[in-house]
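The data block below is coords21.txt; it holds compact mmCIF, C-alpha atoms and all ligand atoms.
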```
# COMPACT_ATOMS: atom_id res chain seq x y z
CA MET A 204 0.00 0.00 0.00
CA LYS A 205 1.24 3.46 -0.86
CA PRO A 206 1.84 5.61 2.20
CA LYS A 207 -0.86 8.26 2.49
CA LYS A 208 0.33 11.68 1.44
CA LYS A 209 0.24 14.03 4.41
CA LEU A 210 -2.46 16.64 4.19
CA MET A 211 -1.17 20.20 4.42
CA LEU A 212 -3.46 23.06 5.39
CA ILE A 213 -2.82 26.78 5.15
CA ASP A 214 -4.10 29.50 7.44
CA THR A 215 -4.25 32.37 4.95
CA HIS A 216 -4.89 35.05 7.58
CA ALA A 217 -3.01 34.80 10.87
CA HIS A 218 -1.55 37.43 13.19
CA VAL A 219 1.16 35.51 15.02
CA ASN A 220 3.08 38.73 14.39
CA PHE A 221 0.83 40.49 16.96
CA ASN A 222 1.59 41.15 20.63
CA ALA A 223 -0.74 38.35 21.76
CA TYR A 224 2.17 36.03 20.87
CA LYS A 225 4.91 38.27 22.15
CA SER A 226 6.33 35.62 24.44
CA ASP A 227 5.81 32.50 22.33
CA ALA A 228 5.48 33.36 18.64
CA ASP A 229 8.32 31.01 17.64
CA GLU A 230 6.71 28.19 19.57
CA VAL A 231 3.31 28.79 17.93
CA VAL A 232 4.92 28.77 14.47
CA ARG A 233 6.86 25.61 15.27
CA ARG A 234 3.73 23.88 16.52
CA SER A 235 1.81 24.85 13.38
CA LEU A 236 4.48 23.64 10.98
CA ALA A 237 4.85 20.39 12.95
CA GLY A 238 1.07 20.01 12.61
CA ASN A 239 1.26 20.45 8.81
CA THR A 240 -0.25 23.92 8.88
CA TRP A 241 1.30 26.76 6.91
CA MET A 242 0.43 30.39 7.55
CA ILE A 243 0.40 33.88 6.15
CA ASN A 244 0.96 36.42 8.90
CA VAL A 245 -0.85 39.60 8.05
CA GLY A 246 0.18 43.10 9.08
CA SER A 247 -2.26 45.82 10.09
CA GLN A 248 0.23 48.63 10.74
CA TYR A 249 3.79 49.31 9.62
CA SER A 250 5.25 47.72 12.79
CA THR A 251 3.26 44.49 12.52
CA SER A 252 3.88 44.32 8.77
CA LYS A 253 7.61 44.53 9.37
CA ARG A 254 7.39 41.87 12.05
CA ALA A 255 5.45 39.57 9.69
CA VAL A 256 8.24 39.90 7.12
CA GLU A 257 10.95 39.18 9.72
CA MET A 258 9.11 36.07 10.88
CA ALA A 259 8.60 34.81 7.34
CA GLU A 260 12.24 35.32 6.43
CA LYS A 261 13.28 32.99 9.26
CA HIS A 262 11.62 30.08 7.47
CA GLN A 263 12.28 28.66 4.08
CA GLU A 264 8.81 27.26 3.61
CA GLY A 265 5.42 27.48 5.26
CA VAL A 266 5.54 30.99 6.76
CA TYR A 267 4.65 33.96 4.56
CA ALA A 268 3.83 37.62 5.08
CA ALA A 269 1.29 40.20 3.98
CA ILE A 270 1.91 43.89 4.57
CA GLY A 271 -0.59 46.69 4.86
CA LEU A 272 -2.30 49.41 6.83
CA HIS A 273 -5.70 48.35 8.21
CA PRO A 274 -8.44 50.96 7.80
CA ILE A 275 -8.89 51.30 11.58
CA HIS A 276 -5.25 52.44 11.75
CA CYS A 277 -5.49 54.86 8.83
CA GLN A 278 -4.53 57.83 11.03
CA GLU A 279 -1.02 56.36 11.20
CA GLY A 280 -0.60 57.38 7.56
CA PHE A 281 0.69 55.21 4.74
CA ASP A 282 4.37 55.58 3.88
CA TYR A 283 4.45 54.33 0.29
CA GLU A 284 8.22 54.06 0.03
CA GLU A 285 8.70 52.25 3.35
CA TYR A 286 6.02 49.70 2.52
CA LYS A 287 7.51 49.31 -0.94
CA LYS A 288 10.82 48.38 0.67
CA LEU A 289 9.07 45.71 2.75
CA ALA A 290 7.26 44.44 -0.34
CA GLY A 291 10.65 43.73 -1.87
CA SER A 292 11.06 40.65 0.33
CA PRO A 293 10.36 37.44 -1.61
CA LYS A 294 8.36 36.23 1.40
CA VAL A 295 5.76 38.99 0.99
CA VAL A 296 2.87 37.38 -0.88
CA ALA A 297 0.18 40.07 -0.60
CA LEU A 298 -0.81 43.60 0.32
CA GLY A 299 -3.12 43.38 3.33
CA GLU A 300 -5.01 43.75 5.31
CA ILE A 301 -6.41 46.82 3.66
CA GLY A 302 -9.92 48.00 2.99
CA LEU A 303 -12.82 49.82 4.58
CA ASP A 304 -14.31 49.62 8.07
CA TYR A 305 -17.56 51.49 8.73
CA LYS A 306 -18.14 50.28 12.26
CA ALA A 307 -19.56 53.25 14.25
CA GLU A 308 -16.28 54.28 15.87
CA TYR A 309 -14.41 54.39 12.55
CA VAL A 310 -17.04 55.85 10.31
CA SER A 311 -15.74 59.41 10.72
CA SER A 312 -12.56 58.46 8.88
CA LYS A 313 -14.37 57.20 5.75
CA GLU A 314 -12.63 59.61 3.39
CA LYS A 315 -9.20 58.99 4.87
CA GLN A 316 -9.79 55.23 4.67
CA LYS A 317 -10.57 55.48 0.98
CA GLU A 318 -7.53 57.62 0.28
CA ILE A 319 -5.22 55.16 2.08
CA LEU A 320 -6.86 52.19 0.37
CA LEU A 321 -6.22 53.71 -3.06
CA GLN A 322 -2.56 54.32 -2.26
CA GLN A 323 -2.20 50.70 -1.21
CA LEU A 324 -3.97 49.40 -4.30
CA LYS A 325 -1.50 51.41 -6.33
CA LEU A 326 1.39 49.73 -4.54
CA ALA A 327 -0.19 46.31 -5.04
CA GLY A 328 -0.41 47.08 -8.74
CA GLU A 329 3.17 48.30 -8.91
CA MET A 330 4.51 45.27 -7.03
CA LYS A 331 2.11 42.88 -8.80
CA LEU A 332 0.85 41.53 -5.49
CA PRO A 333 -2.64 40.22 -4.72
CA VAL A 334 -4.67 41.94 -2.02
CA ILE A 335 -6.18 40.78 1.28
CA PHE A 336 -9.26 42.92 1.89
CA HIS A 337 -10.79 43.73 5.24
CA CYS A 338 -14.33 45.02 4.73
CA ARG A 339 -16.77 45.67 7.55
CA MET A 340 -20.21 47.16 6.88
CA ALA A 341 -18.82 48.71 3.72
CA HIS A 342 -19.34 46.19 0.92
CA GLU A 343 -21.29 48.60 -1.23
CA ASN A 344 -18.43 51.12 -1.25
CA LEU A 345 -15.67 48.53 -1.68
CA ILE A 346 -17.48 46.92 -4.61
CA GLU A 347 -17.95 50.35 -6.15
CA ILE A 348 -14.23 51.12 -5.85
CA LEU A 349 -13.22 47.74 -7.28
CA LYS A 350 -15.65 48.03 -10.17
CA SER A 351 -14.61 51.57 -11.05
CA GLY A 352 -11.23 50.39 -12.31
CA ILE A 353 -9.64 53.28 -10.44
CA LEU A 354 -6.00 53.76 -11.49
CA GLY A 355 -6.54 51.10 -14.10
CA LEU A 356 -5.83 48.40 -11.55
CA GLU A 357 -7.45 45.05 -11.43
CA PRO A 358 -6.17 43.57 -8.20
CA LYS A 359 -6.63 39.91 -7.56
CA GLY A 360 -7.37 39.03 -3.99
CA VAL A 361 -9.50 37.72 -1.19
CA ILE A 362 -12.27 39.25 0.89
CA HIS A 363 -11.04 38.01 4.24
CA CYS A 364 -13.48 37.05 7.02
CA PHE A 365 -16.40 37.29 4.65
CA THR A 366 -19.66 37.77 6.58
CA GLY A 367 -21.80 39.47 3.96
CA HIS A 368 -24.86 38.35 2.04
CA TRP A 369 -24.88 36.03 -0.96
CA ARG A 370 -25.69 38.95 -3.29
CA GLU A 371 -22.44 40.64 -2.19
CA ALA A 372 -20.51 37.38 -2.36
CA GLN A 373 -21.71 36.91 -5.93
CA GLN A 374 -20.38 40.30 -6.99
CA TYR A 375 -16.92 39.58 -5.56
CA LEU A 376 -16.89 36.14 -7.16
CA GLN A 377 -17.88 37.62 -10.53
CA MET A 378 -14.94 40.01 -10.27
CA GLY A 379 -12.62 37.06 -9.69
CA PHE A 380 -12.05 37.36 -5.96
CA TYR A 381 -11.80 34.60 -3.39
CA LEU A 382 -13.76 34.58 -0.12
CA GLY A 383 -11.99 33.84 3.16
CA PHE A 384 -13.81 32.05 5.99
CA ASN A 385 -12.72 31.62 9.60
CA GLY A 386 -14.09 30.71 13.05
CA ILE A 387 -16.79 33.35 12.77
CA ILE A 388 -18.77 30.75 10.76
CA PHE A 389 -19.48 29.05 14.10
CA LYS A 390 -21.12 32.25 15.39
CA LEU A 391 -22.83 33.77 12.38
CA ASN A 392 -24.90 31.76 9.97
CA LEU A 393 -22.99 31.77 6.70
CA ASP A 394 -24.16 28.32 5.68
CA GLU A 395 -25.94 29.49 2.54
CA VAL A 396 -22.97 31.55 1.32
CA ILE A 397 -20.55 28.69 1.97
CA LYS A 398 -22.77 26.15 0.21
CA LYS A 399 -23.12 28.38 -2.85
CA THR A 400 -19.50 29.55 -3.14
CA PRO A 401 -17.52 27.22 -5.43
CA LEU A 402 -14.84 25.35 -3.49
CA ASP A 403 -12.15 26.59 -5.84
CA ARG A 404 -12.87 30.16 -4.68
CA ILE A 405 -12.67 29.56 -0.93
CA LEU A 406 -9.72 30.29 1.33
CA VAL A 407 -9.55 29.17 4.96
CA GLU A 408 -8.08 31.26 7.76
CA THR A 409 -8.16 31.80 11.52
CA ASP A 410 -7.63 35.57 12.00
CA CYS A 411 -5.85 34.45 15.16
CA PRO A 412 -5.56 35.52 17.98
CA TYR A 413 -9.21 36.48 17.37
CA LEU A 414 -12.33 34.50 16.44
CA SER A 415 -11.41 31.22 18.06
CA PRO A 416 -13.77 28.39 17.13
CA PRO A 417 -15.78 26.97 20.06
CA GLN A 418 -13.65 23.78 20.11
CA ALA A 419 -10.45 25.71 20.85
CA SER A 420 -8.93 27.82 23.61
CA GLU A 421 -9.63 31.55 23.76
CA ARG A 422 -6.43 32.64 22.06
CA ASN A 423 -6.80 31.28 18.56
CA GLU A 424 -3.85 29.94 16.54
CA PRO A 425 -3.14 28.67 13.01
CA LEU A 426 -3.59 24.98 13.92
CA ASN A 427 -7.30 25.67 14.53
CA VAL A 428 -7.87 26.27 10.84
CA LYS A 429 -8.70 22.56 10.73
CA TYR A 430 -12.05 23.26 12.41
CA VAL A 431 -12.96 25.67 9.65
CA VAL A 432 -12.02 23.07 7.02
CA GLU A 433 -14.12 20.51 8.89
CA LYS A 434 -17.22 22.72 8.96
CA ILE A 435 -16.92 23.71 5.29
CA ALA A 436 -16.53 20.02 4.35
CA LYS A 437 -19.68 19.17 6.26
CA LEU A 438 -21.70 21.99 4.66
CA LYS A 439 -20.50 21.13 1.18
CA GLU A 440 -20.86 17.36 1.75
CA LYS A 441 -17.27 16.78 0.73
CA SER A 442 -14.42 15.06 2.50
CA TYR A 443 -12.11 16.90 4.89
CA GLU A 444 -9.18 15.92 2.64
CA GLU A 445 -10.77 17.37 -0.49
CA VAL A 446 -11.51 20.70 1.19
CA GLY A 447 -8.01 20.82 2.74
CA GLU A 448 -6.29 20.04 -0.56
CA GLN A 449 -8.39 22.41 -2.65
CA THR A 450 -8.06 25.36 -0.25
CA LEU A 451 -4.27 24.93 -0.19
CA LYS A 452 -4.27 24.84 -3.98
CA ASN A 453 -6.37 28.02 -4.06
CA ALA A 454 -3.96 29.81 -1.74
CA LYS A 455 -0.95 28.69 -3.76
CA GLU A 456 -2.55 30.00 -6.92
CA LEU A 457 -3.58 33.36 -5.51
CA PHE A 458 -0.42 34.08 -3.54
CA GLY A 459 2.07 32.46 -5.89
CA ILE A 460 3.47 30.25 -3.15
NI NI A 501 -7.02 40.17 10.52
```
Any chance you could give the structure as structure tokens?
Amino acid sequence: MKPKKKLMLIDTHAHVNFNAYKSDADEVVRRSLAGNTWMINVGSQYSTSKRAVEMAEKHQEGVYAAIGLHPIHCQEGFDYEEYKKLAGSPKVVALGEIGLDYKAEYVSSKEKQKEILLQQLKLAGEMKLPVIFHCRMAHENLIEILKSGILGLEPKGVIHCFTGHWREAQQYLQMGFYLGFNGIIFKLNLDEVIKKTPLDRILVETDCPYLSPPQASERNEPLNVKYVVEKIAKLKEKSYEEVGEQTLKNAKELFGI
């Protein structure tokens, strides 16, 4: 009998570069890789973007970085040239997380958010990198920006932590984007969206340290992406292996890993 090929998963949206792992980030990464789970650590400010790159450069395979300024941090200001330097690392696989966040406390910075988003889309275009979008309560505006072909860019990317309606999902899918799902699918009912989204357009993620699935401890980590794979497999009536393999393939295609 042929030995069974080991199944590799990838957490396409982790924040092991955040302070929640200040004392044990290396250990969390080691544990994930030993458990056949790769990760993309995503920046939300310049400091965490830089840290994501440093962490990725320590590993030959399995740890990657995304760099970007999250809309809730837009007051920090986006330094195009500094981010461009970071983007020069071969371990940087995306610009992100970037986007729009219209939660009540951030809504006053709408204009600034848009301005910063456009600068980052320009950098993504220049560096030919895909984009990891954060979008909260702002799908209408994000879709409008993406459809407008502003700056002549057509970024490829993923709508991370997708929690919208199917009609919004459909518009992103039509534009060629992927949808990212994480432990929030245990809290909000996204069953219909998951069932309808083709498996070859789904990415799995944890958004750790946040959004831990109910089966896991409070501080989430990349290894828990398996619970998300499990739930998607169940909803789509497919095997765990098929969902794991296909979502890794999707991530490799999008991020050029
Ligand atoms: Ni995130």
Given the choices A:Leu345, A:Val334, A:Ala268, A:Cys411, which gets closest to ligand NI 501 (chain A) if the distance is worked out from all atoms listed in the file?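 Looking at the shortest contact to ligand NI 501 (chain A), the residue is A:Cys411.
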Would you mind listing, for every residue of chain A within 7 Å of ligand NI 501 (chain A), the two atoms forming the shortest contact and the distance between them in Å to one decimal, using all atoms listed in the file, sorted by chain and ascending residue number, as JSON lines?
```
{"residue": "A:His216", "atom": "CA", "partner": "A:NI501", "partner_atom": "NI", "distance": 6.3}
{"residue": "A:Ala217", "atom": "CA", "partner": "A:NI501", "partner_atom": "NI", "distance": 6.7}
{"residue": "A:His218", "atom": "CA", "partner": "A:NI501", "partner_atom": "NI", "distance": 6.7}
{"residue": "A:Val245", "atom": "CA", "partner": "A:NI501", "partner_atom": "NI", "distance": 6.7}
{"residue": "A:Glu300", "atom": "CA", "partner": "A:NI501", "partner_atom": "NI", "distance": 6.6}
{"residue": "A:Asp410", "atom": "CA", "partner": "A:NI501", "partner_atom": "NI", "distance": 4.9}
```
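Residues in contact with segment 273-285 of chain A at 7 Å, where all atoms listed in the file are counted and same-chain residues fewer than 2 positions away are skipped, are listed as Ser247, Gln248, Gly271, Lys287, Lys288, Leu289, Glu300, Ile301, Gly302, Leu303, Asp304, Tyr309, Lys315, Gln316 and Ile319 of chain A.
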Sphere at (-11.8, 37.9, -2.8), radius 8 Å, counting all atoms listed in the file: residues as a ChimeraX atom specification: /A:335-336,359-363,375-376,379-383
Expressed in Å to a single decimal, how great is the separation between atom CA of Leu438 of chain A and atom CA of Leu236 of chain A?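 Interatomic distance, atom CA of Leu438 of chain A to atom CA of Leu236 of chain A: 27.0 Å.
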Counting only C-alpha atoms, the residue of A:Val396, A:Arg254, A:Lys294, A:Tyr249 that sits nearest Tyr267 of chain A: A:Lys294
Could you name the residues that touch Trp369 of chain A at 12 Å or less, counting only C-alpha atoms, but leaving out those on the same chain fewer than 2 positions away, as a compact mmCIF listing (two decimals) with C-alpha atoms, in the frame of the given file?
```
# COMPACT_ATOMS: atom_id res chain seq x y z
CA HIS A 342 -19.34 46.19 0.92
CA PHE A 365 -16.40 37.29 4.65
CA THR A 366 -19.66 37.77 6.58
CA GLY A 367 -21.80 39.47 3.96
CA GLU A 371 -22.44 40.64 -2.19
CA ALA A 372 -20.51 37.38 -2.36
CA GLN A 373 -21.71 36.91 -5.93
CA GLN A 374 -20.38 40.30 -6.99
CA TYR A 375 -16.92 39.58 -5.56
CA LEU A 376 -16.89 36.14 -7.16
CA GLN A 377 -17.88 37.62 -10.53
CA LEU A 382 -13.76 34.58 -0.12
CA ASN A 392 -24.90 31.76 9.97
CA LEU A 393 -22.99 31.77 6.70
CA ASP A 394 -24.16 28.32 5.68
CA GLU A 395 -25.94 29.49 2.54
CA VAL A 396 -22.97 31.55 1.32
CA ILE A 397 -20.55 28.69 1.97
CA LYS A 398 -22.77 26.15 0.21
CA LYS A 399 -23.12 28.38 -2.85
CA THR A 400 -19.50 29.55 -3.14
```
As JSON, please: the centre and edge lengths in Å, to one decimal, of an axis-aligned box enclosing every listed atom of segment 378-383 of chain A with 8 Å added on each side.
```
{"center_x": -13.4, "center_y": 36.9, "center_z": -3.6, "size_x": 19.1, "size_y": 22.2, "size_z": 29.4}
```
Please, which residues are within 10 Å of (-6.0, 37.0, 23.8) by the file's coordinates, counting all atoms listed in the file, and could they come as a PyMOL selection string? chain A and resi 222-224+411-413+415+420-423
Write out as a ChimeraX atom specification the residues lying within 7 Å of Pro425 of chain A, counting all atoms listed in the file and excluding same-chain residues fewer than 3 positions away. /A:214,217,235,240,242,409,411,428
Fewer than 5 positions away in the same chain doesn't count, so skip those; otherwise give me all residues within 9 Å of Pro333 of chain A, counting all atoms listed in the file, as a VMD selection string. chain A and resid 296 to 299 327 to 328 358 to 361 457 to 458
Hey, can you spit out that residue selection with C-alpha atoms as a PDB file, in the frame of the given file?
```pdb
ATOM      1  CA  VAL A 296       2.870  37.380  -0.880  1.00  0.00           C
ATOM      2  CA  ALA A 297       0.180  40.070  -0.600  1.00  0.00           C
ATOM      3  CA  LEU A 298      -0.810  43.600   0.320  1.00  0.00           C
ATOM      4  CA  GLY A 299      -3.120  43.380   3.330  1.00  0.00           C
ATOM      5  CA  ALA A 327      -0.190  46.310  -5.040  1.00  0.00           C
ATOM      6  CA  GLY A 328      -0.410  47.080  -8.740  1.00  0.00           C
ATOM      7  CA  PRO A 358      -6.170  43.570  -8.200  1.00  0.00           C
ATOM      8  CA  LYS A 359      -6.630  39.910  -7.560  1.00  0.00           C
ATOM      9  CA  GLY A 360      -7.370  39.030  -3.990  1.00  0.00           C
ATOM     10  CA  VAL A 361      -9.500  37.720  -1.190  1.00  0.00           C
ATOM     11  CA  LEU A 457      -3.580  33.360  -5.510  1.00  0.00           C
ATOM     12  CA  PHE A 458      -0.420  34.080  -3.540  1.00  0.00           C
TER      13      PHE A 458
END
```
For Gly386 of chain A, which residue among A:Val432, A:Leu320, A:Ile405, A:Leu349 is the nearest when counting only C-alpha atoms?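 Of A:Val432, A:Leu320, A:Ile405, A:Leu349, the one nearest Gly386 of chain A, counting only C-alpha atoms, is A:Val432.
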Rounded to one decimal in Å, what is the spacing between atom CA of Lys313 of chain A and atom CA of Thr251 of chain A?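 Straight-line distance from atom CA of Lys313 of chain A to atom CA of Thr251 of chain A works out to 22.8 Å.
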